[in-house]
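Enquirer: Have a look at the structure that comes next, please.
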Amino acid sequence: MATHIVIAGGGTAGSIIANLLARGLHEEINKGEVIVKVIDKEEKHMYQPALLYVVFDRFRENEMFREMRDLLNPSVIFIHDEIEEFDFDGNTVRTKSGKKVNYDYLVIATGSKPRPDLVDGLEENGDIFYTLEGAKKLRDKLRKFDGGKVLVSVAAPHKCPVAPLEIIFMLDEYFRQKGIRDKIDLSYTYPIGRVHALEPVANWAVPEFEKRGINYETLFNMEKVEQGVVHSMEGFEKEFDLLIAIPPHKGSESLINSGIQDGWVPTDRHLLKAEGYDNVYVCGDTTNLPISKAGSTAHFEADVVAENLIAEIKEGHPARDYDGKVMCFIETGFSSATYVWFNYTTPPDPVPPSKMIHWLKLGYNRVYWLTARGIL
Amino acid sequence: MSENNVVIVDARGSFCPGPLMELISKIKSVPVGTEIHVLSTDKGSAKDIPAWIKKVGHEYLGTEEKEGYWVVKVRKTK
């Protein structure tokens, strides 16, 4: 009997794991001893960090997608279907089309989803750039925007923790380049008591805000949005002409349907296995781990999950622990960037922004497809 | 994770998004009256979390120092 490995989700984590398994277990796969399947409702894989650039007309839609089938190693079976429910005790995944896919090992890599519907009035009165549709709508509004109050308001939890800072700095530069910065009141709100979750990043960002004339308010959690005004959980209000919101996120509906609260799967922080299930790994945004929901997190976790699955199948036990590693580029405008890296025990220490790091980020935007293929 | 009707938010080793952000994310999804314990290796959270609780109007139940981490206790009141 073959060992079936089912990967739920073909995003960054899912595609890296599938491709690493295809190489690491190629002998077993060729002999029919191991079968690797990826299930995803999308036929195309999106490079999500490009959404930030779409807002400013710096990335075209066709550049940010690849066919899922082309991205996956030919020995991986791709099932184009939507997962409706997981039966963790029955080792089965049920799909929308009625398929029951059995597994010996499961990898949950179903990601996270922005949920503007969770903030009263946000969908009607605000813009988001965490979806392609939202980014394009915002791009079109910005093209016509000629002055007024622009507010970036951040909710929790959300993926890509540096994106709110990146967009505020890019907006500042965008309006300067258009020659209308003096007609724009640019403001930013953040849920905790500083302007970014990472203290060294917040310490670096505040003088930048002051230098660029960006207003900021902390301990502000969006609760309700009405036309032209955001109300916070803390009892304060902010007015706007254009609200760019980073909405709260949740995990996949298929997990919520399976009894997992908010779709965040309780996960062992080192082995990346679902608590209580020795044959289920969890990777990327959908873990409940207290670390950044970011592509790099998914990437570093995926390396560990793939290596452990290969070791389990070849030798009967996992090979190594995940150390909490995260690395994020931070664009500080259109011509400079910095980066942070940290893990469970090492705090981040951002370097001064430079053109070189910005160029590296622009280069990575193009070579990301090697990461998804499990090469870089 | 929950133990005796207390919801545990284990934010040890969290630099980003950090313990307070983990609490804010969790508190929205639990019923009023729930007691939440935030486990944090970051000493600053022992100050930041009570400050936010006070601002929003939830109940701060105290902070306990354990070996190498702090437990900040909160009850959701609204």
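For the structure tokens, the naming scheme is as follows: chains receive sequential letters (A, B, ...) according to their order of presentation, residues are indexed from 1 within each chain, and ligands are indexed from 1 in presentation order.
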Counting only C-alpha atoms, which residues from chain A have an atom at most 6 Å from any atom of chain B, and could you show them as a list in words?
Expert: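 My answer is Ala156, Pro157, Ala197, Leu198, Glu234, Pro290, Ile291, Ser292 and Tyr344 of chain A.
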Enquirer: Please produce a file of those selected residues containing N, CA and C atoms, as a compact mmCIF listing (two decimals), in the first residue's frame.
Expert:
# COMPACT_ATOMS: atom_id res chain seq x y z
N ALA A 156 -6.00 43.59 13.86
CA ALA A 156 -5.28 42.37 14.21
C ALA A 156 -6.26 41.20 14.30
N PRO A 157 -5.81 39.98 13.93
CA PRO A 157 -4.49 39.66 13.37
C PRO A 157 -4.50 39.89 11.86
N ALA A 197 4.70 46.25 15.51
CA ALA A 197 4.83 45.18 16.50
C ALA A 197 6.28 45.03 16.96
N LEU A 198 7.22 45.15 16.03
CA LEU A 198 8.64 45.00 16.37
C LEU A 198 9.16 46.32 16.94
N GLU A 234 -11.30 51.50 21.55
CA GLU A 234 -10.85 52.26 22.72
C GLU A 234 -11.68 53.53 22.94
N PRO A 290 2.57 32.25 17.69
CA PRO A 290 2.63 33.71 17.88
C PRO A 290 3.74 34.35 17.06
N ILE A 291 3.80 34.02 15.80
CA ILE A 291 4.83 34.59 14.93
C ILE A 291 4.18 35.22 13.70
N SER A 292 4.98 35.96 12.93
CA SER A 292 4.43 36.71 11.79
C SER A 292 3.76 35.78 10.79
N TYR A 344 12.63 32.58 17.57
CA TYR A 344 12.01 32.54 18.90
C TYR A 344 12.91 33.15 19.99
Enquirer: Would you kindly return, as a list in words, each protein, DNA or RNA residue with an atom no farther than 10 Å from any atom of Pro318 of chain A, considering only C-alpha atoms and excluding same-chain residues fewer than 4 positions away?
Expert: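 Everything that qualifies: Leu271, Val304, Val305, Ala306, Glu307, Asn308, Leu309, Ile310, Ala311, Glu312, Ile313 and Lys314 of chain A.
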Enquirer: Would you save the residues from that selection as a PDB file, in the first residue's frame, using N, CA and C atoms?
Expert:
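And here's again07.pdb as it stands now:
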ATOM      1  N   LEU A 271       7.952  21.239  16.218  1.00  0.00           N
ATOM      2  CA  LEU A 271       7.776  20.156  15.232  1.00  0.00           C
ATOM      3  C   LEU A 271       6.801  20.518  14.120  1.00  0.00           C
ATOM      4  N   VAL A 304      11.277  22.882   6.975  1.00  0.00           N
ATOM      5  CA  VAL A 304      11.307  21.958   8.119  1.00  0.00           C
ATOM      6  C   VAL A 304      10.276  20.837   7.935  1.00  0.00           C
ATOM      7  N   VAL A 305       9.061  21.213   7.521  1.00  0.00           N
ATOM      8  CA  VAL A 305       8.002  20.208   7.351  1.00  0.00           C
ATOM      9  C   VAL A 305       8.409  19.182   6.295  1.00  0.00           C
ATOM     10  N   ALA A 306       8.943  19.661   5.167  1.00  0.00           N
ATOM     11  CA  ALA A 306       9.326  18.737   4.089  1.00  0.00           C
ATOM     12  C   ALA A 306      10.437  17.805   4.564  1.00  0.00           C
ATOM     13  N   GLU A 307      11.430  18.386   5.243  1.00  0.00           N
ATOM     14  CA  GLU A 307      12.541  17.552   5.717  1.00  0.00           C
ATOM     15  C   GLU A 307      12.055  16.508   6.715  1.00  0.00           C
ATOM     16  N   ASN A 308      11.126  16.914   7.591  1.00  0.00           N
ATOM     17  CA  ASN A 308      10.611  15.976   8.596  1.00  0.00           C
ATOM     18  C   ASN A 308       9.755  14.880   7.973  1.00  0.00           C
ATOM     19  N   LEU A 309       8.963  15.244   6.976  1.00  0.00           N
ATOM     20  CA  LEU A 309       8.152  14.220   6.296  1.00  0.00           C
ATOM     21  C   LEU A 309       9.051  13.210   5.576  1.00  0.00           C
ATOM     22  N   ILE A 310      10.073  13.726   4.919  1.00  0.00           N
ATOM     23  CA  ILE A 310      10.999  12.835   4.208  1.00  0.00           C
ATOM     24  C   ILE A 310      11.684  11.897   5.211  1.00  0.00           C
ATOM     25  N   ALA A 311      12.130  12.476   6.345  1.00  0.00           N
ATOM     26  CA  ALA A 311      12.804  11.659   7.364  1.00  0.00           C
ATOM     27  C   ALA A 311      11.847  10.634   7.972  1.00  0.00           C
ATOM     28  N   GLU A 312      10.588  11.067   8.217  1.00  0.00           N
ATOM     29  CA  GLU A 312       9.607  10.121   8.789  1.00  0.00           C
ATOM     30  C   GLU A 312       9.390   8.947   7.850  1.00  0.00           C
ATOM     31  N   ILE A 313       9.269   9.224   6.567  1.00  0.00           N
ATOM     32  CA  ILE A 313       8.981   8.154   5.604  1.00  0.00           C
ATOM     33  C   ILE A 313      10.212   7.265   5.393  1.00  0.00           C
ATOM     34  N   LYS A 314      11.390   7.877   5.341  1.00  0.00           N
ATOM     35  CA  LYS A 314      12.595   7.076   5.094  1.00  0.00           C
ATOM     36  C   LYS A 314      13.120   6.380   6.364  1.00  0.00           C
TER      37      LYS A 314
END
Enquirer: According to DSSP computed on the backbone, where in segment 254-343 of chain A is there strand (DSSP E)? Give the residues as a list in words.
Expert: Val280, Tyr281, Val282, Val326, Met327, Cys328, Phe329, Ile330, Glu331, Ala337, Thr338, Tyr339, Val340, Trp341 and Phe342 of chain A
Enquirer: What's around segment 36-41 of chain A at 6 Å? Count only C-alpha atoms, leave out sequence neighbours fewer than 4 positions away in its own chain, and write the answer as an mmCIF file with all heavy atoms, in the first residue's frame.
Expert:
data_model
loop_
_atom_site.group_PDB
_atom_site.id
_atom_site.type_symbol
_atom_site.label_atom_id
_atom_site.label_comp_id
_atom_site.auth_asym_id
_atom_site.auth_seq_id
_atom_site.Cartn_x
_atom_site.Cartn_y
_atom_site.Cartn_z
ATOM 1 N N ILE A 5 0.424 11.309 0.933
ATOM 2 C CA ILE A 5 0.649 12.607 1.598
ATOM 3 C C ILE A 5 -0.247 13.621 0.900
ATOM 4 O O ILE A 5 -0.123 13.845 -0.301
ATOM 5 C CB ILE A 5 2.123 13.069 1.482
ATOM 6 C CG1 ILE A 5 3.074 12.002 2.040
ATOM 7 C CG2 ILE A 5 2.317 14.402 2.198
ATOM 8 C CD1 ILE A 5 4.555 12.310 1.819
ATOM 9 N N VAL A 6 -1.163 14.206 1.656
ATOM 10 C CA VAL A 6 -2.077 15.196 1.077
ATOM 11 C C VAL A 6 -1.705 16.574 1.624
ATOM 12 O O VAL A 6 -1.586 16.752 2.837
ATOM 13 C CB VAL A 6 -3.544 14.845 1.410
ATOM 14 C CG1 VAL A 6 -4.479 15.985 1.006
ATOM 15 C CG2 VAL A 6 -3.945 13.553 0.701
ATOM 16 N N ILE A 7 -1.501 17.511 0.712
ATOM 17 C CA ILE A 7 -1.170 18.882 1.092
ATOM 18 C C ILE A 7 -2.386 19.748 0.786
ATOM 19 O O ILE A 7 -2.795 19.876 -0.371
ATOM 20 C CB ILE A 7 0.077 19.387 0.331
ATOM 21 C CG1 ILE A 7 1.270 18.469 0.635
ATOM 22 C CG2 ILE A 7 0.392 20.831 0.703
ATOM 23 C CD1 ILE A 7 2.469 18.676 -0.272
ATOM 24 N N ALA A 8 -2.969 20.301 1.841
ATOM 25 C CA ALA A 8 -4.156 21.145 1.668
ATOM 26 C C ALA A 8 -3.690 22.567 1.447
ATOM 27 O O ALA A 8 -3.231 23.228 2.379
ATOM 28 C CB ALA A 8 -5.037 21.046 2.909
ATOM 29 N N GLY A 9 -3.769 23.039 0.209
ATOM 30 C CA GLY A 9 -3.348 24.406 -0.115
ATOM 31 C C GLY A 9 -2.084 24.416 -0.952
ATOM 32 O O GLY A 9 -1.091 23.772 -0.599
ATOM 33 N N GLY A 10 -2.138 25.137 -2.067
ATOM 34 C CA GLY A 10 -0.983 25.215 -2.976
ATOM 35 C C GLY A 10 -0.357 26.600 -2.999
ATOM 36 O O GLY A 10 0.178 27.027 -4.018
ATOM 37 N N VAL A 76 3.742 15.322 -8.781
ATOM 38 C CA VAL A 76 2.744 15.685 -7.759
ATOM 39 C C VAL A 76 1.362 15.717 -8.416
ATOM 40 O O VAL A 76 1.199 16.282 -9.500
ATOM 41 C CB VAL A 76 3.074 17.077 -7.159
ATOM 42 C CG1 VAL A 76 1.965 17.547 -6.222
ATOM 43 C CG2 VAL A 76 4.417 17.041 -6.435
ATOM 44 N N ILE A 77 0.396 15.097 -7.770
ATOM 45 C CA ILE A 77 -0.980 15.115 -8.302
ATOM 46 C C ILE A 77 -1.666 16.393 -7.814
ATOM 47 O O ILE A 77 -1.689 16.658 -6.600
ATOM 48 C CB ILE A 77 -1.761 13.866 -7.820
ATOM 49 C CG1 ILE A 77 -1.112 12.603 -8.404
ATOM 50 C CG2 ILE A 77 -3.230 13.951 -8.206
ATOM 51 C CD1 ILE A 77 -1.604 11.319 -7.766
ATOM 52 N N PHE A 78 -2.169 17.176 -8.745
ATOM 53 C CA PHE A 78 -2.874 18.406 -8.363
ATOM 54 C C PHE A 78 -4.382 18.197 -8.482
ATOM 55 O O PHE A 78 -4.883 17.821 -9.545
ATOM 56 C CB PHE A 78 -2.439 19.584 -9.252
ATOM 57 C CG PHE A 78 -3.205 20.853 -8.959
ATOM 58 C CD1 PHE A 78 -3.248 21.386 -7.669
ATOM 59 C CD2 PHE A 78 -3.902 21.511 -9.963
ATOM 60 C CE1 PHE A 78 -3.973 22.538 -7.396
ATOM 61 C CE2 PHE A 78 -4.627 22.680 -9.690
ATOM 62 C CZ PHE A 78 -4.652 23.189 -8.407
ATOM 63 N N ILE A 79 -5.079 18.412 -7.383
ATOM 64 C CA ILE A 79 -6.546 18.280 -7.387
ATOM 65 C C ILE A 79 -7.133 19.685 -7.295
ATOM 66 O O ILE A 79 -6.977 20.368 -6.273
ATOM 67 C CB ILE A 79 -7.031 17.414 -6.194
ATOM 68 C CG1 ILE A 79 -6.387 16.022 -6.262
ATOM 69 C CG2 ILE A 79 -8.549 17.316 -6.184
ATOM 70 C CD1 ILE A 79 -6.673 15.159 -5.035
ATOM 71 N N HIS A 80 -7.772 20.111 -8.367
ATOM 72 C CA HIS A 80 -8.376 21.435 -8.384
ATOM 73 C C HIS A 80 -9.785 21.335 -7.799
ATOM 74 O O HIS A 80 -10.744 20.985 -8.492
ATOM 75 C CB HIS A 80 -8.408 21.981 -9.826
ATOM 76 C CG HIS A 80 -9.098 23.307 -9.924
ATOM 77 N ND1 HIS A 80 -9.983 23.636 -10.912
ATOM 78 C CD2 HIS A 80 -9.030 24.391 -9.115
ATOM 79 C CE1 HIS A 80 -10.430 24.859 -10.717
ATOM 80 N NE2 HIS A 80 -9.864 25.345 -9.636
ATOM 81 N N ASP A 81 -9.886 21.621 -6.526
ATOM 82 C CA ASP A 81 -11.160 21.468 -5.826
ATOM 83 C C ASP A 81 -11.080 22.265 -4.520
ATOM 84 O O ASP A 81 -9.989 22.596 -4.059
ATOM 85 C CB ASP A 81 -11.386 19.968 -5.512
ATOM 86 C CG ASP A 81 -12.866 19.616 -5.369
ATOM 87 O OD1 ASP A 81 -13.670 20.539 -5.149
ATOM 88 O OD2 ASP A 81 -13.190 18.422 -5.481
ATOM 89 N N GLU A 82 -12.234 22.551 -3.955
ATOM 90 C CA GLU A 82 -12.244 23.311 -2.703
ATOM 91 C C GLU A 82 -12.469 22.366 -1.531
ATOM 92 O O GLU A 82 -13.392 21.534 -1.574
ATOM 93 C CB GLU A 82 -13.372 24.356 -2.763
ATOM 94 C CG GLU A 82 -13.385 25.272 -1.568
ATOM 95 C CD GLU A 82 -14.350 26.441 -1.742
ATOM 96 O OE1 GLU A 82 -14.867 26.637 -2.865
ATOM 97 O OE2 GLU A 82 -14.582 27.126 -0.740
#
Enquirer: Just to confirm, what's the straight-line distance from atom CA of Ile184 of chain A to atom CA of Lys149 of chain A in Å (one decimal)?
Expert: 5.9 Å
Enquirer: Residues at most 9 Å from Asn257 of chain A, counting only C-alpha atoms, excluding those fewer than 6 positions away in the same chain, as an MDAnalysis selection string?
Expert: chainID A and resid 84:86 263
Enquirer: In chain B, what's helix (DSSP H, G or I) per DSSP? Answer as a list of chain:residue names?
Expert: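 Taking chain B and keeping helix (DSSP H, G or I) gives B:Pro19, B:Leu20, B:Met21, B:Glu22, B:Leu23, B:Ile24, B:Ser25, B:Lys26, B:Ile27, B:Ser45, B:Ala46, B:Lys47, B:Asp48, B:Ile49, B:Pro50, B:Ala51, B:Trp52, B:Ile53, B:Lys54, B:Lys55, B:Val56.
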Enquirer: Put those residues in a file: N, CA, C and O atoms, as a JSON list (two decimals), in the first residue's frame.
Expert:
[["chain", "number", "residue", "atom", "x", "y", "z"],
["B", 19, "PRO", "N", 2.94, 39.80, 22.15],
["B", 19, "PRO", "CA", 1.90, 39.34, 23.08],
["B", 19, "PRO", "C", 0.62, 40.19, 23.08],
["B", 19, "PRO", "O", -0.48, 39.63, 23.11],
["B", 20, "LEU", "N", 0.75, 41.52, 23.05],
["B", 20, "LEU", "CA", -0.47, 42.34, 23.10],
["B", 20, "LEU", "C", -1.31, 42.11, 21.84],
["B", 20, "LEU", "O", -2.54, 41.98, 21.91],
["B", 21, "MET", "N", -0.66, 42.03, 20.68],
["B", 21, "MET", "CA", -1.40, 41.79, 19.44],
["B", 21, "MET", "C", -2.06, 40.42, 19.47],
["B", 21, "MET", "O", -3.18, 40.25, 18.99],
["B", 22, "GLU", "N", -1.38, 39.44, 20.07],
["B", 22, "GLU", "CA", -1.98, 38.11, 20.21],
["B", 22, "GLU", "C", -3.24, 38.19, 21.08],
["B", 22, "GLU", "O", -4.24, 37.55, 20.80],
["B", 23, "LEU", "N", -3.16, 38.99, 22.16],
["B", 23, "LEU", "CA", -4.31, 39.14, 23.05],
["B", 23, "LEU", "C", -5.46, 39.83, 22.31],
["B", 23, "LEU", "O", -6.62, 39.40, 22.40],
["B", 24, "ILE", "N", -5.15, 40.92, 21.58],
["B", 24, "ILE", "CA", -6.19, 41.66, 20.86],
["B", 24, "ILE", "C", -6.88, 40.73, 19.86],
["B", 24, "ILE", "O", -8.11, 40.73, 19.72],
["B", 25, "SER", "N", -6.09, 39.89, 19.18],
["B", 25, "SER", "CA", -6.66, 38.96, 18.20],
["B", 25, "SER", "C", -7.59, 37.96, 18.88],
["B", 25, "SER", "O", -8.66, 37.64, 18.37],
["B", 26, "LYS", "N", -7.17, 37.47, 20.04],
["B", 26, "LYS", "CA", -7.93, 36.42, 20.72],
["B", 26, "LYS", "C", -9.19, 36.97, 21.39],
["B", 26, "LYS", "O", -10.25, 36.35, 21.35],
["B", 27, "ILE", "N", -9.06, 38.15, 21.99],
["B", 27, "ILE", "CA", -10.16, 38.66, 22.84],
["B", 27, "ILE", "C", -11.44, 38.87, 22.04],
["B", 27, "ILE", "O", -12.54, 38.75, 22.56],
["B", 45, "SER", "N", 5.55, 43.50, 28.00],
["B", 45, "SER", "CA", 4.13, 43.16, 27.89],
["B", 45, "SER", "C", 3.43, 43.26, 29.24],
["B", 45, "SER", "O", 2.23, 43.51, 29.31],
["B", 46, "ALA", "N", 4.18, 43.03, 30.32],
["B", 46, "ALA", "CA", 3.60, 43.11, 31.65],
["B", 46, "ALA", "C", 3.11, 44.54, 31.92],
["B", 46, "ALA", "O", 2.24, 44.76, 32.75],
["B", 47, "LYS", "N", 3.66, 45.52, 31.19],
["B", 47, "LYS", "CA", 3.20, 46.91, 31.32],
["B", 47, "LYS", "C", 2.19, 47.26, 30.22],
["B", 47, "LYS", "O", 1.17, 47.86, 30.45],
["B", 48, "ASP", "N", 2.52, 46.84, 28.97],
["B", 48, "ASP", "CA", 1.69, 47.21, 27.80],
["B", 48, "ASP", "C", 0.28, 46.64, 27.89],
["B", 48, "ASP", "O", -0.69, 47.30, 27.55],
["B", 49, "ILE", "N", 0.19, 45.38, 28.31],
["B", 49, "ILE", "CA", -1.12, 44.72, 28.31],
["B", 49, "ILE", "C", -2.07, 45.39, 29.32],
["B", 49, "ILE", "O", -3.18, 45.77, 28.95],
["B", 50, "PRO", "N", -1.65, 45.61, 30.59],
["B", 50, "PRO", "CA", -2.56, 46.30, 31.51],
["B", 50, "PRO", "C", -2.95, 47.70, 31.00],
["B", 50, "PRO", "O", -4.10, 48.12, 31.19],
["B", 51, "ALA", "N", -2.03, 48.40, 30.33],
["B", 51, "ALA", "CA", -2.35, 49.75, 29.83],
["B", 51, "ALA", "C", -3.47, 49.67, 28.79],
["B", 51, "ALA", "O", -4.41, 50.47, 28.81],
["B", 52, "TRP", "N", -3.38, 48.66, 27.91],
["B", 52, "TRP", "CA", -4.42, 48.53, 26.87],
["B", 52, "TRP", "C", -5.76, 48.10, 27.49],
["B", 52, "TRP", "O", -6.81, 48.63, 27.15],
["B", 53, "ILE", "N", -5.68, 47.17, 28.44],
["B", 53, "ILE", "CA", -6.91, 46.67, 29.09],
["B", 53, "ILE", "C", -7.66, 47.84, 29.73],
["B", 53, "ILE", "O", -8.87, 47.97, 29.62],
["B", 54, "LYS", "N", -6.87, 48.73, 30.39],
["B", 54, "LYS", "CA", -7.47, 49.89, 31.08],
["B", 54, "LYS", "C", -8.12, 50.82, 30.05],
["B", 54, "LYS", "O", -9.23, 51.30, 30.25],
["B", 55, "LYS", "N", -7.43, 51.02, 28.92],
["B", 55, "LYS", "CA", -7.95, 51.93, 27.90],
["B", 55, "LYS", "C", -9.27, 51.41, 27.30],
["B", 55, "LYS", "O", -10.18, 52.17, 27.04],
["B", 56, "VAL", "N", -9.33, 50.10, 27.08],
["B", 56, "VAL", "CA", -10.53, 49.53, 26.45],
["B", 56, "VAL", "C", -11.63, 49.28, 27.48],
["B", 56, "VAL", "O", -12.82, 49.31, 27.15]]
Enquirer: Would you mind reading off the distance between atom CA of Glu217 of chain A and atom CA of Tyr190 of chain A, one decimal, in Å?
Expert: 6.6 Å
Enquirer: Give me, as a ChimeraX atom specification, all polymer residues having an atom no more than 9 Å from segment 45-51 of chain A, counting only C-alpha atoms and skipping those fewer than 6 positions away in the same chain.
Expert: /A:10-12,58-61,63-68,71,129-132,135-136,160,163,295,365,368-369
Enquirer: At a cut-off of 9 Å, using only C-alpha atoms, what residues contact Glu226 of chain A? Leave out same-chain residues fewer than 5 positions from it and give the result as a list in words.
Expert: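 My reading of the contact set: Asp120, Gly121, Leu122, Glu124, Asn125, Gly126 and His231 of chain A.
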Enquirer: Find, counting only C-alpha atoms, the residue in A:Gly235, A:Gly228, A:Pro350, A:Gly147 that gets nearest to Ala202 of chain A.
Expert: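 Selected residue with least distance to Ala202 of chain A: A:Pro350.
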Enquirer: I'd like the interatomic distance between atom CA of Val340 of chain A and atom CA of Asp321 of chain A, to a tenth of an Å.
Expert: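 Separation between atom CA of Val340 of chain A and atom CA of Asp321 of chain A: 21.4 Å.
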